[in-house]
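Novice: Provided below: input.cif, containing mmCIF, C-alpha atoms.
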data_target
loop_
_atom_site.label_atom_id
_atom_site.label_comp_id
_atom_site.auth_asym_id
_atom_site.auth_seq_id
_atom_site.Cartn_x
_atom_site.Cartn_y
_atom_site.Cartn_z
CA MET A 1428 -90.10 81.61 -31.80
CA THR A 1429 -92.63 80.23 -29.29
CA MET A 1430 -91.56 79.21 -25.77
CA ALA A 1431 -92.16 75.55 -26.61
CA LYS A 1432 -89.82 75.73 -29.61
CA PHE A 1433 -87.25 77.63 -27.54
CA PHE A 1434 -87.15 74.99 -24.80
CA PHE A 1435 -87.07 72.21 -27.41
CA ALA A 1436 -84.06 73.85 -29.07
CA LEU A 1437 -82.39 74.44 -25.71
CA GLY A 1438 -82.91 70.81 -24.72
CA ALA A 1439 -81.44 69.63 -28.03
CA CYS A 1440 -78.35 71.80 -27.48
CA LEU A 1441 -77.84 70.49 -23.94
CA PHE A 1442 -78.20 66.90 -25.16
CA PHE A 1443 -75.61 67.57 -27.87
CA LEU A 1444 -73.17 69.10 -25.36
CA ALA A 1445 -73.61 66.19 -22.97
CA ALA A 1446 -72.88 63.75 -25.74
CA CYS A 1447 -69.73 65.64 -26.70
CA THR A 1448 -68.39 65.90 -23.14
CA GLY A 1449 -69.27 62.40 -21.90
CA SER A 1450 -66.73 59.65 -21.45
CA PRO A 1451 -65.77 58.30 -24.89
CA SER A 1452 -66.25 54.63 -25.62
CA LEU A 1453 -63.49 52.17 -26.32
CA PRO A 1454 -63.83 49.80 -29.30
CA PRO A 1455 -65.00 46.29 -28.34
CA ALA A 1456 -62.41 43.54 -28.25
CA ASN A 1457 -63.91 41.72 -31.23
CA THR A 1458 -63.49 44.64 -33.64
CA SER A 1459 -60.70 44.73 -36.19
CA VAL A 1460 -58.23 46.95 -34.34
CA GLY A 1461 -55.19 44.75 -34.88
CA THR A 1462 -53.20 42.60 -32.51
CA ILE A 1463 -51.72 44.38 -29.52
CA ASP A 1464 -48.37 42.77 -28.75
CA ALA A 1465 -47.09 42.69 -25.21
CA PRO A 1466 -43.83 44.64 -24.88
CA LEU A 1467 -40.64 42.84 -23.90
CA TYR A 1468 -41.05 41.93 -20.25
CA ARG A 1469 -39.12 44.15 -17.88
CA ILE A 1470 -38.34 43.03 -14.38
CA GLY A 1471 -40.01 44.86 -11.53
CA PRO A 1472 -39.70 44.99 -7.71
CA GLY A 1473 -41.19 41.86 -6.19
CA ASP A 1474 -40.38 39.62 -9.16
CA SER A 1475 -38.91 36.20 -8.36
CA LEU A 1476 -35.83 35.30 -10.40
CA ASN A 1477 -34.11 32.00 -11.05
CA ILE A 1478 -30.47 32.67 -11.99
CA PHE A 1479 -28.42 29.87 -13.55
CA VAL A 1480 -24.66 30.08 -14.18
CA TRP A 1481 -23.48 27.40 -16.59
CA ARG A 1482 -20.84 25.07 -15.12
CA ASN A 1483 -20.97 27.05 -11.87
CA GLU A 1484 -24.11 25.84 -10.13
CA ASP A 1485 -22.92 27.17 -6.77
CA LEU A 1486 -23.14 30.71 -8.20
CA GLY A 1487 -26.73 30.30 -9.28
CA SER A 1488 -29.57 31.29 -7.00
CA THR A 1489 -33.25 32.00 -6.61
CA THR A 1490 -33.91 35.52 -5.42
CA SER A 1491 -36.53 38.26 -5.31
CA VAL A 1492 -36.11 41.80 -6.56
CA ARG A 1493 -36.06 44.16 -3.60
CA PRO A 1494 -38.29 47.25 -3.39
CA ASP A 1495 -35.26 49.34 -4.41
CA GLY A 1496 -35.06 47.34 -7.65
CA ARG A 1497 -31.81 45.55 -6.80
CA ILE A 1498 -30.84 41.93 -6.17
CA THR A 1499 -28.10 40.21 -4.19
CA ILE A 1500 -26.58 36.96 -5.47
CA PRO A 1501 -23.34 35.04 -4.72
CA LEU A 1502 -20.27 37.28 -5.27
CA ILE A 1503 -22.49 40.26 -6.14
CA ASP A 1504 -23.93 42.35 -3.31
CA ASP A 1505 -26.12 44.84 -5.16
CA LEU A 1506 -27.09 44.80 -8.80
CA GLN A 1507 -29.85 46.80 -10.45
CA ALA A 1508 -32.48 44.45 -11.87
CA ALA A 1509 -35.69 46.50 -12.19
CA ASP A 1510 -36.56 47.92 -15.62
CA LYS A 1511 -34.27 45.42 -17.36
CA THR A 1512 -35.29 42.48 -19.51
CA PRO A 1513 -34.13 39.04 -18.27
CA THR A 1514 -31.56 38.98 -21.08
CA GLU A 1515 -30.20 42.42 -20.16
CA LEU A 1516 -29.89 41.38 -16.53
CA ALA A 1517 -28.11 38.15 -17.53
CA ARG A 1518 -25.50 40.14 -19.48
CA ASP A 1519 -24.97 42.47 -16.50
CA ILE A 1520 -24.48 39.49 -14.19
CA GLU A 1521 -21.98 37.99 -16.63
CA LYS A 1522 -20.03 41.24 -16.62
CA ALA A 1523 -20.00 41.39 -12.81
CA LEU A 1524 -18.98 37.73 -12.49
CA SER A 1525 -16.20 37.99 -15.07
CA THR A 1526 -13.93 39.31 -12.31
CA TYR A 1527 -14.17 35.90 -10.61
CA VAL A 1528 -15.15 33.46 -13.39
CA GLN A 1529 -13.73 33.10 -16.87
CA ASP A 1530 -16.35 33.65 -19.58
CA PRO A 1531 -19.44 33.12 -17.40
CA LEU A 1532 -22.68 32.20 -19.17
CA VAL A 1533 -25.80 33.28 -17.28
CA THR A 1534 -29.50 32.62 -17.82
CA VAL A 1535 -32.19 34.56 -15.93
CA MET A 1536 -35.73 33.20 -15.71
CA VAL A 1537 -38.61 35.09 -14.13
CA THR A 1538 -40.74 32.68 -12.09
CA GLY A 1539 -42.98 35.12 -10.22
CA PHE A 1540 -44.26 37.98 -12.36
CA VAL A 1541 -45.00 41.46 -11.03
CA GLY A 1542 -43.40 43.73 -13.62
CA THR A 1543 -43.06 47.49 -13.76
CA PHE A 1544 -46.06 49.80 -13.36
CA GLY A 1545 -46.01 50.48 -17.10
CA GLN A 1546 -46.56 46.77 -17.80
CA GLN A 1547 -49.40 46.30 -15.33
CA VAL A 1548 -53.14 46.73 -15.49
CA ARG A 1549 -54.24 48.02 -12.09
CA VAL A 1550 -57.74 47.45 -10.71
CA VAL A 1551 -59.00 49.51 -7.77
CA GLY A 1552 -62.35 49.84 -6.06
CA ALA A 1553 -65.20 47.34 -5.82
CA ALA A 1554 -63.47 44.29 -7.31
CA THR A 1555 -63.33 41.05 -5.32
CA ASN A 1556 -59.53 41.16 -5.26
CA PRO A 1557 -58.27 44.60 -6.36
CA SER A 1558 -54.73 44.16 -7.62
CA ALA A 1559 -52.10 44.95 -10.23
CA ILE A 1560 -52.00 42.37 -13.05
CA PRO A 1561 -49.09 41.82 -15.43
CA TYR A 1562 -50.24 42.68 -18.96
CA ARG A 1563 -50.56 39.86 -21.49
CA ALA A 1564 -50.82 40.19 -25.26
CA ASP A 1565 -54.39 40.82 -26.49
CA MET A 1566 -55.66 41.23 -22.94
CA THR A 1567 -59.32 42.24 -22.63
CA LEU A 1568 -61.57 43.59 -19.90
CA LEU A 1569 -62.96 40.09 -19.34
CA ASP A 1570 -59.44 38.72 -18.76
CA VAL A 1571 -58.85 41.45 -16.18
CA MET A 1572 -62.10 40.75 -14.34
CA ILE A 1573 -61.38 37.01 -14.22
CA SER A 1574 -57.97 37.78 -12.69
CA VAL A 1575 -59.48 39.92 -9.91
CA GLY A 1576 -62.37 37.53 -9.21
CA GLY A 1577 -65.17 39.68 -10.60
CA LEU A 1578 -67.21 42.38 -8.85
CA THR A 1579 -68.33 42.71 -5.26
CA GLU A 1580 -72.05 42.73 -4.50
CA PHE A 1581 -71.84 46.50 -3.93
CA ALA A 1582 -70.12 47.34 -7.22
CA SER A 1583 -71.68 49.68 -9.74
CA GLY A 1584 -70.11 47.99 -12.74
CA ASN A 1585 -71.62 50.11 -15.48
CA ARG A 1586 -70.16 53.23 -13.87
CA ALA A 1587 -66.61 51.89 -14.00
CA THR A 1588 -63.91 53.99 -15.64
CA LEU A 1589 -60.83 52.92 -17.57
CA VAL A 1590 -58.00 55.47 -17.25
CA ARG A 1591 -55.39 55.44 -20.04
CA VAL A 1592 -52.44 57.72 -20.82
CA ILE A 1593 -52.06 58.52 -24.52
CA ASP A 1594 -49.22 60.76 -25.72
CA GLY A 1595 -48.67 61.99 -22.18
CA ARG A 1596 -52.32 62.93 -21.62
CA GLN A 1597 -54.75 61.10 -19.35
CA HIS A 1598 -58.03 59.94 -20.89
CA GLU A 1599 -61.02 58.38 -19.17
CA TYR A 1600 -63.40 55.89 -20.77
CA ARG A 1601 -66.66 54.55 -19.38
CA VAL A 1602 -66.84 50.74 -19.44
CA LYS A 1603 -69.85 48.52 -18.75
CA LEU A 1604 -68.81 45.74 -16.43
CA ASP A 1605 -72.36 44.79 -15.39
CA SER A 1606 -73.38 44.43 -19.01
CA LEU A 1607 -70.34 42.26 -19.69
CA LEU A 1608 -70.39 40.04 -16.60
CA LYS A 1609 -74.09 39.83 -15.71
CA GLN A 1610 -75.77 40.13 -19.10
CA GLY A 1611 -73.10 38.55 -21.29
CA ASP A 1612 -72.87 41.59 -23.58
CA ILE A 1613 -69.69 40.73 -25.45
CA SER A 1614 -69.62 44.15 -27.12
CA ALA A 1615 -68.65 45.52 -23.68
CA ASN A 1616 -65.48 43.39 -23.70
CA VAL A 1617 -62.95 46.04 -24.71
CA LYS A 1618 -59.20 45.60 -25.12
CA VAL A 1619 -56.91 46.90 -22.39
CA LEU A 1620 -53.36 48.19 -22.72
CA PRO A 1621 -50.28 48.14 -20.47
CA GLY A 1622 -50.53 50.89 -17.86
CA ASP A 1623 -54.35 51.05 -17.85
CA ILE A 1624 -56.12 51.67 -14.54
CA LEU A 1625 -59.66 50.31 -13.99
CA ILE A 1626 -61.65 52.17 -11.33
CA ILE A 1627 -64.81 50.44 -10.10
CA PRO A 1628 -67.10 52.55 -7.86
CA GLU A 1629 -69.62 51.23 -5.37
CA SER A 1630 -73.34 51.65 -5.84
CA LEU A 1631 -74.83 54.87 -4.47
CA LEU A 1632 -77.72 52.94 -2.91
#
Output the file's structure in the form of structure tokens.

Specialist:
Amino acid sequence: MTMAKFFFALGACLFFLAACTGSPSLPPANTSVGTIDAPLYRIGPGDSLNIFVWRNEDLGSTTSVRPDGRITIPLIDDLQAADKTPTELARDIEKALSTYVQDPLVTVMVTGFVGTFGQQVRVVGAATNPSAIPYRADMTLLDVMISVGGLTEFASGNRATLVRVIDGRQHEYRVKLDSLLKQGDISANVKVLPGDILIIPESLL
């Protein structure tokens, strides 16, 4: 084997290894991957709740879930609210109120959504407004970027990484935000899932 053929073969092997070890790509949002339904909403710290007690308006209230995940409402000092659905919390309130009210009927409405970490898509780095966004059914990368106001002028969008936990293991995927937002490449508009983390680095220059 000549030196030229040796280096050609070596280069081909290195290219193959780089392709195998690079960040895998996510399927674009417009591919046939099925509808991704949002899970039942679970209350999280910081959520605003409107609690209505039928025929007992004085027992109803508007409250926020404390950082410890609990709420305080009339006749009930501390009640765990985080990680429960609004219906589950309503039944718990009914049980607590039954000591004071005969057959209470409670409705809980969430008016300010934060949610649990597992139901959020978190954006960090060079976004205009980095934040945690409550997941919505069929949410895509474009929806996420609209929610955070797009990229800063220093962002390196095509070097962004989407971090996702699958079966207890963390996976990283390269996403192309510049291609999506600046060039209108709709194939870069991938679907996101609850719990995803989008990391947007700044340009090296």

Novice: What is the distance between atom CA of A:Lys1603 and atom CA of A:Pro1561, in Å to one decimal?

Specialist: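 Computing the Euclidean distance for atom CA of A:Lys1603 and atom CA of A:Pro1561 yields 22.1 Å.
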
Novice: Which residue out of A:Glu1629, A:Glu1521, A:Asp1565, A:Glu1599 has the minimum interatomic distance to A:Thr1579 when all atoms listed in the file are used?

Specialist: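 The closest residue to A:Thr1579 is A:Glu1629.
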
Novice: From the set A:Pro1531, A:Gly1584, A:Pro1513, A:Gly1622, which residue has the shortest atom-to-atom contact distance to A:Gly1487, counting all atoms listed in the file?

Specialist: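 That would be A:Pro1531, the residue with the smallest distance to A:Gly1487.
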
Novice: Expand the PyMOL selection byres ((chain A and resi 1575) around 8) into the explicit residue set it covers here, and present it as a PyMOL selection string.

Specialist: chain A and resi 1550+1554-1558+1571-1574+1576-1577

Novice: Residues within 7 Å of A:Ala1508, please, as a PDB file with C-alpha atoms, in the frame of the given file. Count all atoms listed in the file; anything in the same chain fewer than 5 positions from it doesn't count.

Specialist:
ATOM      1  CA  ILE A1470     -38.340  43.030 -14.380  1.00  0.00           C
ATOM      2  CA  VAL A1492     -36.110  41.800  -6.560  1.00  0.00           C
ATOM      3  CA  GLY A1496     -35.060  47.340  -7.650  1.00  0.00           C
ATOM      4  CA  ARG A1497     -31.810  45.550  -6.800  1.00  0.00           C
ATOM      5  CA  ILE A1498     -30.840  41.930  -6.170  1.00  0.00           C
ATOM      6  CA  LEU A1516     -29.890  41.380 -16.530  1.00  0.00           C
TER       7      LEU A1516
END

Novice: Given the file shown, determine the residues that the PyMOL selection byres ((chain A and resi 1517) around 9) selects; report them as a list of chain:residue names.

Specialist: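 Going through the file, the PyMOL selection byres ((chain A and resi 1517) around 9) ends up selecting A:Ile1478, A:Thr1512, A:Pro1513, A:Thr1514, A:Glu1515, A:Leu1516, A:Arg1518, A:Asp1519, A:Ile1520, A:Glu1521, A:Lys1522, A:Leu1532, A:Val1533, A:Thr1534, A:Val1535.
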
Novice: Could you turn the residues from that selection into a file that holds C-alpha atoms, as a compact mmCIF listing (two decimals), keeping the file's coordinate frame?

Specialist:
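Now in part-v3.txt:
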# COMPACT_ATOMS: atom_id res chain seq x y z
CA ILE A 1478 -30.47 32.67 -11.99
CA THR A 1512 -35.29 42.48 -19.51
CA PRO A 1513 -34.13 39.04 -18.27
CA THR A 1514 -31.56 38.98 -21.08
CA GLU A 1515 -30.20 42.42 -20.16
CA LEU A 1516 -29.89 41.38 -16.53
CA ARG A 1518 -25.50 40.14 -19.48
CA ASP A 1519 -24.97 42.47 -16.50
CA ILE A 1520 -24.48 39.49 -14.19
CA GLU A 1521 -21.98 37.99 -16.63
CA LYS A 1522 -20.03 41.24 -16.62
CA LEU A 1532 -22.68 32.20 -19.17
CA VAL A 1533 -25.80 33.28 -17.28
CA THR A 1534 -29.50 32.62 -17.82
CA VAL A 1535 -32.19 34.56 -15.93

Novice: If the box runs along x, y and z of the file and leaves 6 Å on each side of stretch 1587-1595 of chain A, what are its centre and edge lengths in Å, one decimal, as AutoDock Vina command-line options?

Specialist:
--center_x -57.6 --center_y 56.9 --center_z -19.9 --size_x 29.9 --size_y 22.1 --size_z 23.7

Novice: Calculate how many Å separate atom CA of A:Glu1484 from atom CA of A:Tyr1468, rounding to one decimal.

Specialist: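 For atom CA of A:Glu1484 relative to atom CA of A:Tyr1468, the distance reads 25.5 Å.
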
Novice: Hey, what's within 9 Å of A:Ile1627 if we count only C-alpha atoms and toss same-chain stuff fewer than 6 positions away? As a PyMOL selection string, please?

Specialist: chain A and resi 1550-1554+1578+1582-1589+1604

Novice: Do you have the atom CA of A:Pro1501-atom CA of A:Val1537 distance handy?

Specialist: 17.9 Å
